[in-house]
Every structure is written in C-alpha cells, then in structure tokens.
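Pasting data_24.txt here (compact mmCIF, C-alpha atoms):
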# COMPACT_ATOMS: atom_id res chain seq x y z
CA MET K 24 0.00 0.00 0.00
CA ASN K 25 1.49 3.33 -1.01
CA ARG K 26 1.72 6.37 1.26
CA GLU K 27 -1.22 8.20 -0.34
CA ASN K 28 -3.56 5.21 0.10
CA LYS K 29 -2.55 4.88 3.77
CA ARG K 30 -3.30 8.54 4.27
CA LYS K 31 -6.82 8.10 2.85
CA LEU K 32 -7.49 5.27 5.29
CA PHE K 33 -6.26 7.01 8.44
CA ASP K 34 -6.93 10.71 7.81
CA LYS K 35 -10.70 11.15 8.23
CA SER K 36 -10.62 14.67 6.76
CA TYR K 37 -8.58 13.66 3.67
CA TYR K 38 -11.47 14.26 1.25
CA LYS K 39 -12.08 17.79 2.58
CA THR K 40 -8.95 18.95 0.78
CA HIS K 41 -8.40 16.26 -1.88
CA PRO K 42 -10.68 15.28 -4.77
CA CYS K 43 -12.11 11.76 -4.91
CA ASN K 44 -10.53 10.30 -8.05
CA GLU K 45 -11.61 6.68 -7.59
CA PRO K 46 -14.49 5.24 -9.60
CA PHE K 47 -17.37 3.80 -7.58
CA ILE K 48 -20.37 1.58 -8.21
CA CYS K 49 -23.74 3.13 -7.40
CA LYS K 50 -25.46 1.14 -4.65
CA VAL K 51 -28.88 1.87 -6.18
CA CYS K 52 -28.60 1.48 -9.97
CA GLY K 53 -25.33 -0.52 -10.13
CA ARG K 54 -23.62 1.69 -12.72
CA THR K 55 -19.89 2.40 -12.51
CA ILE K 56 -19.26 6.10 -11.95
CA VAL K 57 -15.91 7.47 -13.09
CA PRO K 58 -14.44 10.85 -12.13
CA THR K 59 -14.06 12.16 -15.69
CA GLY K 60 -16.99 14.23 -16.89
CA ALA K 61 -18.55 14.59 -13.44
CA GLY K 62 -18.44 18.38 -13.59
CA THR K 63 -16.65 18.58 -10.23
CA GLU K 64 -13.74 16.88 -8.49
CA HIS K 65 -15.82 16.32 -5.36
CA ARG K 66 -18.46 13.88 -6.56
CA ASN K 67 -21.21 13.00 -4.13
CA HIS K 68 -23.97 11.29 -6.12
CA CYS K 69 -24.69 9.08 -9.10
CA PRO K 70 -25.40 11.20 -12.22
CA TYR K 71 -27.84 8.54 -13.49
CA CYS K 72 -30.21 7.92 -10.56
CA LEU K 73 -29.09 10.91 -8.40
CA SER K 74 -28.71 8.69 -5.31
CA SER K 75 -25.76 8.95 -2.96
CA GLN K 76 -24.36 7.20 0.10
CA HIS K 77 -24.24 8.73 3.57
CA LEU K 78 -20.48 8.93 4.15
CA ASP K 79 -19.96 12.43 5.59
CA ASP K 80 -21.30 14.37 8.56
CA GLU K 81 -19.51 17.47 7.26
CA PRO K 82 -18.45 17.57 3.58
CA GLY K 83 -15.39 15.36 3.07
CA ASP K 84 -14.95 14.13 6.66
CA ARG K 85 -16.08 10.49 6.03
CA ALA K 86 -17.34 10.41 9.64
CA ALA K 87 -20.92 9.17 9.11
CA GLU K 88 -21.54 5.89 10.88
CA CYS K 89 -24.71 4.71 9.14
CA GLY K 90 -23.59 4.50 5.48
CA GLY K 91 -27.23 4.51 4.34
CA ILE K 92 -28.56 5.35 0.90
CA MET K 93 -29.17 9.08 0.40
CA GLU K 94 -32.25 9.30 -1.80
CA PRO K 95 -33.01 12.41 -3.84
CA ILE K 96 -36.21 14.05 -2.58
CA ALA K 97 -36.11 17.54 -4.14
CA VAL K 98 -34.21 19.89 -6.42
CA TRP K 99 -33.66 23.61 -5.87
CA ILE K 100 -31.78 26.46 -7.53
CA ARG K 101 -29.22 28.29 -5.40
CA LYS K 102 -28.70 32.08 -5.47
CA ASN K 103 -25.88 31.68 -8.01
CA LYS K 104 -28.33 29.82 -10.32
CA GLU K 105 -26.59 26.50 -9.68
CA TRP K 106 -28.89 23.49 -9.30
CA ALA K 107 -28.68 21.34 -6.17
CA ILE K 108 -30.30 18.10 -4.97
CA ILE K 109 -31.77 17.64 -1.52
CA HIS K 110 -30.93 14.12 -0.28
CA ARG K 111 -32.43 12.30 2.71
CA CYS K 112 -30.75 9.27 4.30
CA ARG K 113 -33.03 6.20 4.33
CA ILE K 114 -31.56 5.04 7.66
CA CYS K 115 -31.03 8.11 9.87
CA GLY K 116 -33.09 10.74 8.01
CA LYS K 117 -30.28 13.32 7.69
CA LEU K 118 -30.91 15.94 5.00
CA SER K 119 -28.17 17.40 2.81
CA SER K 120 -27.91 19.68 -0.20
CA ASN K 121 -25.52 18.70 -2.98
CA ARG K 122 -24.49 20.47 -6.16
CA ILE K 123 -25.74 18.55 -9.20
CA ALA K 124 -23.08 16.65 -11.15
CA GLN K 125 -22.77 17.17 -14.87
CA GLN K 126 -25.62 15.56 -16.76
CA THR K 127 -24.82 12.22 -18.32
CA THR K 128 -26.39 10.90 -21.50
CA ILE K 129 -27.98 7.49 -20.95
CA GLN K 130 -27.01 5.07 -23.68
Please, can you express the file's structure as structure tokens?
Amino acid sequence: MNRENKRKLFDKSYYKTHPCNEPFICKVCGRTIVPTGAGTEHRNHCPYCLSSQHLDDEPGDRAAECGGIMEPIAVWIRKNKEWAIIHRCRICGKLSSNRIAQQTTIQ
C-alpha cells in the first residue's frame, strides 16, 4: 500500500482537501461512476439515478456511521443559479444539499 492510500485510510478529513478520483459503483442502480466528466472533483452522487451514500457528517470528513442510501427528494436552484439536490438518508433521516453533477447521457 502506497503512502497516499494509507493517508486516505487514516486521515478522516482527507477528502475535505483532496478530490475523490476513484471510480465507484452506485449502490442503487449498479452503474460504474468514473471521475471524468462529473463536472466537479468532489463527486457525491450518481449522475444517473441521483442517489448517494451517507459517508460524511460534514463535507469530506467520512465520519458518518450509518452509510445509508441518500435518496433524492427535491431539487432547488441556489442564489448563483446552480442546481442542487436535496438528499435524505433512508436510515437516519439526515438531510443534505448537494451540487448537481454534470448531466450524463444514458445510452
């Protein structure tokens, strides 16, 4: 295991200052999500089904214990005209607002 991977495992606030460059598999729709074309380096939801996973208490801290599915329940437009999704955790009920990732064409 290289030094950077060790740091990710032991530094809980690693993702507050570093982008998440690893692909992941959506726990809801099963698609593989890659970092390229996401519209942001800090990805937090699937661009296909808009679901997420409850990993953070504060953005990037990876401190959430439940790990539940964050389901999209609403969309709103911020003051800067950027769209955001309101997610609610299926397990603990926590609400969060997340910037919408770049739209992906379904093939």
Smallest atom-to-atom distance to K:Met93: which of K:Ile56, K:Cys112, K:Cys49, K:Cys69, using only C-alpha atoms?
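For K:Met93, the nearest of the given residues is K:Cys112.
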Counting only C-alpha atoms, I want the residues whose atoms come within 12 Å of (-30.7, 19.0, -7.6) in the file frame, returned as an NGL selection string.
:K and (67-70 or 72-74 or 94-101 or 104-110 or 119-126)
Take the residues from that selection and write them out as a PDB file, in the coordinates of the input, keeping C-alpha atoms.
ATOM      1  CA  ASN K  67     -21.210  13.000  -4.130  1.00  0.00           C
ATOM      2  CA  HIS K  68     -23.970  11.290  -6.120  1.00  0.00           C
ATOM      3  CA  CYS K  69     -24.690   9.080  -9.100  1.00  0.00           C
ATOM      4  CA  PRO K  70     -25.400  11.200 -12.220  1.00  0.00           C
ATOM      5  CA  CYS K  72     -30.210   7.920 -10.560  1.00  0.00           C
ATOM      6  CA  LEU K  73     -29.090  10.910  -8.400  1.00  0.00           C
ATOM      7  CA  SER K  74     -28.710   8.690  -5.310  1.00  0.00           C
ATOM      8  CA  GLU K  94     -32.250   9.300  -1.800  1.00  0.00           C
ATOM      9  CA  PRO K  95     -33.010  12.410  -3.840  1.00  0.00           C
ATOM     10  CA  ILE K  96     -36.210  14.050  -2.580  1.00  0.00           C
ATOM     11  CA  ALA K  97     -36.110  17.540  -4.140  1.00  0.00           C
ATOM     12  CA  VAL K  98     -34.210  19.890  -6.420  1.00  0.00           C
ATOM     13  CA  TRP K  99     -33.660  23.610  -5.870  1.00  0.00           C
ATOM     14  CA  ILE K 100     -31.780  26.460  -7.530  1.00  0.00           C
ATOM     15  CA  ARG K 101     -29.220  28.290  -5.400  1.00  0.00           C
ATOM     16  CA  LYS K 104     -28.330  29.820 -10.320  1.00  0.00           C
ATOM     17  CA  GLU K 105     -26.590  26.500  -9.680  1.00  0.00           C
ATOM     18  CA  TRP K 106     -28.890  23.490  -9.300  1.00  0.00           C
ATOM     19  CA  ALA K 107     -28.680  21.340  -6.170  1.00  0.00           C
ATOM     20  CA  ILE K 108     -30.300  18.100  -4.970  1.00  0.00           C
ATOM     21  CA  ILE K 109     -31.770  17.640  -1.520  1.00  0.00           C
ATOM     22  CA  HIS K 110     -30.930  14.120  -0.280  1.00  0.00           C
ATOM     23  CA  SER K 119     -28.170  17.400   2.810  1.00  0.00           C
ATOM     24  CA  SER K 120     -27.910  19.680  -0.200  1.00  0.00           C
ATOM     25  CA  ASN K 121     -25.520  18.700  -2.980  1.00  0.00           C
ATOM     26  CA  ARG K 122     -24.490  20.470  -6.160  1.00  0.00           C
ATOM     27  CA  ILE K 123     -25.740  18.550  -9.200  1.00  0.00           C
ATOM     28  CA  ALA K 124     -23.080  16.650 -11.150  1.00  0.00           C
ATOM     29  CA  GLN K 125     -22.770  17.170 -14.870  1.00  0.00           C
ATOM     30  CA  GLN K 126     -25.620  15.560 -16.760  1.00  0.00           C
TER      31      GLN K 126
END
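Pairwise distance (atom CA of K:Pro58, atom CA of K:Gln76) equals 16.2 Å.
Here atom CA of K:Gly90 and atom CA of K:Cys52 stand 16.5 Å from one another.
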Could you state the separation of atom CA of K:Asp84 and atom CA of K:Arg113 in Å, given to one decimal place?
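Atom CA of K:Arg113 lies 19.9 Å from atom CA of K:Asp84.
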Proximity to K:Cys115 - best of K:His77, K:Pro82, K:Lys102, K:Tyr71, all atoms listed in the file
K:His77
Using all atoms listed in the file, which of K:Ala86, K:Pro46, K:Arg54, K:Asp79 sits nearest K:Leu118?
K:Asp79
Rebuild stretch 79-110 of chain K to N, CA and C atoms - output it as an mmCIF file, in the coordinates of the input, please.
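The result, stored in rebuild.cif:
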data_model
loop_
_atom_site.group_PDB
_atom_site.id
_atom_site.type_symbol
_atom_site.label_atom_id
_atom_site.label_comp_id
_atom_site.auth_asym_id
_atom_site.auth_seq_id
_atom_site.Cartn_x
_atom_site.Cartn_y
_atom_site.Cartn_z
ATOM 1 N N ASP K 79 -20.493 11.260 4.886
ATOM 2 C CA ASP K 79 -19.960 12.430 5.590
ATOM 3 C C ASP K 79 -20.978 13.031 6.542
ATOM 4 N N ASP K 80 -20.485 13.511 7.701
ATOM 5 C CA ASP K 80 -21.300 14.370 8.560
ATOM 6 C C ASP K 80 -21.108 15.809 8.113
ATOM 7 N N GLU K 81 -19.870 16.191 7.865
ATOM 8 C CA GLU K 81 -19.510 17.470 7.260
ATOM 9 C C GLU K 81 -18.851 17.113 5.920
ATOM 10 N N PRO K 82 -19.002 17.940 4.881
ATOM 11 C CA PRO K 82 -18.450 17.570 3.580
ATOM 12 C C PRO K 82 -16.986 17.129 3.629
ATOM 13 N N GLY K 83 -16.739 15.900 3.169
ATOM 14 C CA GLY K 83 -15.390 15.360 3.070
ATOM 15 C C GLY K 83 -14.818 14.706 4.303
ATOM 16 N N ASP K 84 -15.556 14.666 5.428
ATOM 17 C CA ASP K 84 -14.950 14.130 6.660
ATOM 18 C C ASP K 84 -15.038 12.604 6.786
ATOM 19 N N ARG K 85 -15.893 11.943 6.007
ATOM 20 C CA ARG K 85 -16.080 10.490 6.030
ATOM 21 C C ARG K 85 -16.371 9.969 7.446
ATOM 22 N N ALA K 86 -17.090 10.749 8.247
ATOM 23 C CA ALA K 86 -17.340 10.410 9.640
ATOM 24 C C ALA K 86 -18.719 9.805 9.901
ATOM 25 N N ALA K 87 -19.581 9.719 8.901
ATOM 26 C CA ALA K 87 -20.920 9.170 9.110
ATOM 27 C C ALA K 87 -20.843 7.684 9.429
ATOM 28 N N GLU K 88 -21.553 7.280 10.436
ATOM 29 C CA GLU K 88 -21.540 5.890 10.880
ATOM 30 C C GLU K 88 -22.524 5.013 10.103
ATOM 31 N N CYS K 89 -23.651 5.562 9.676
ATOM 32 C CA CYS K 89 -24.710 4.710 9.140
ATOM 33 C C CYS K 89 -24.449 4.179 7.738
ATOM 34 N N GLY K 90 -23.879 4.973 6.831
ATOM 35 C CA GLY K 90 -23.590 4.500 5.480
ATOM 36 C C GLY K 90 -24.826 4.206 4.655
ATOM 37 N N GLY K 91 -25.973 4.773 5.038
ATOM 38 C CA GLY K 91 -27.230 4.510 4.340
ATOM 39 C C GLY K 91 -27.291 5.146 2.962
ATOM 40 N N ILE K 92 -28.317 4.780 2.211
ATOM 41 C CA ILE K 92 -28.560 5.350 0.900
ATOM 42 C C ILE K 92 -29.181 6.732 1.088
ATOM 43 N N MET K 93 -28.614 7.729 0.403
ATOM 44 C CA MET K 93 -29.170 9.080 0.400
ATOM 45 C C MET K 93 -30.033 9.187 -0.846
ATOM 46 N N GLU K 94 -31.354 9.235 -0.653
ATOM 47 C CA GLU K 94 -32.250 9.300 -1.800
ATOM 48 C C GLU K 94 -32.582 10.745 -2.139
ATOM 49 N N PRO K 95 -32.663 11.052 -3.440
ATOM 50 C CA PRO K 95 -33.010 12.410 -3.840
ATOM 51 C C PRO K 95 -34.492 12.660 -3.568
ATOM 52 N N ILE K 96 -34.800 13.762 -2.889
ATOM 53 C CA ILE K 96 -36.210 14.050 -2.580
ATOM 54 C C ILE K 96 -36.674 15.381 -3.174
ATOM 55 N N ALA K 97 -35.723 16.251 -3.565
ATOM 56 C CA ALA K 97 -36.110 17.540 -4.140
ATOM 57 C C ALA K 97 -34.924 18.137 -4.890
ATOM 58 N N VAL K 98 -35.230 19.133 -5.704
ATOM 59 C CA VAL K 98 -34.210 19.890 -6.420
ATOM 60 C C VAL K 98 -34.512 21.368 -6.173
ATOM 61 N N TRP K 99 -33.467 22.172 -6.026
ATOM 62 C CA TRP K 99 -33.660 23.610 -5.870
ATOM 63 C C TRP K 99 -32.554 24.361 -6.600
ATOM 64 N N ILE K 100 -32.772 25.632 -6.841
ATOM 65 C CA ILE K 100 -31.780 26.460 -7.530
ATOM 66 C C ILE K 100 -31.218 27.440 -6.507
ATOM 67 N N ARG K 101 -29.900 27.406 -6.349
ATOM 68 C CA ARG K 101 -29.220 28.290 -5.400
ATOM 69 C C ARG K 101 -29.184 29.724 -5.939
ATOM 70 N N LYS K 102 -28.759 30.665 -5.088
ATOM 71 C CA LYS K 102 -28.700 32.080 -5.470
ATOM 72 C C LYS K 102 -27.833 32.315 -6.708
ATOM 73 N N ASN K 103 -26.777 31.515 -6.859
ATOM 74 C CA ASN K 103 -25.880 31.680 -8.010
ATOM 75 C C ASN K 103 -26.399 30.940 -9.254
ATOM 76 N N LYS K 104 -27.651 30.522 -9.227
ATOM 77 C CA LYS K 104 -28.330 29.820 -10.320
ATOM 78 C C LYS K 104 -27.779 28.418 -10.579
ATOM 79 N N GLU K 105 -27.091 27.868 -9.590
ATOM 80 C CA GLU K 105 -26.590 26.500 -9.680
ATOM 81 C C GLU K 105 -27.650 25.560 -9.092
ATOM 82 N N TRP K 106 -27.896 24.451 -9.768
ATOM 83 C CA TRP K 106 -28.890 23.490 -9.300
ATOM 84 C C TRP K 106 -28.292 22.600 -8.222
ATOM 85 N N ALA K 107 -29.119 22.214 -7.263
ATOM 86 C CA ALA K 107 -28.680 21.340 -6.170
ATOM 87 C C ALA K 107 -29.784 20.326 -5.860
ATOM 88 N N ILE K 108 -29.382 19.182 -5.351
ATOM 89 C CA ILE K 108 -30.300 18.100 -4.970
ATOM 90 C C ILE K 108 -30.393 18.074 -3.452
ATOM 91 N N ILE K 109 -31.588 17.892 -2.951
ATOM 92 C CA ILE K 109 -31.770 17.640 -1.520
ATOM 93 C C ILE K 109 -31.847 16.124 -1.372
ATOM 94 N N HIS K 110 -30.944 15.562 -0.561
ATOM 95 C CA HIS K 110 -30.930 14.120 -0.280
ATOM 96 C C HIS K 110 -31.395 13.875 1.148
#
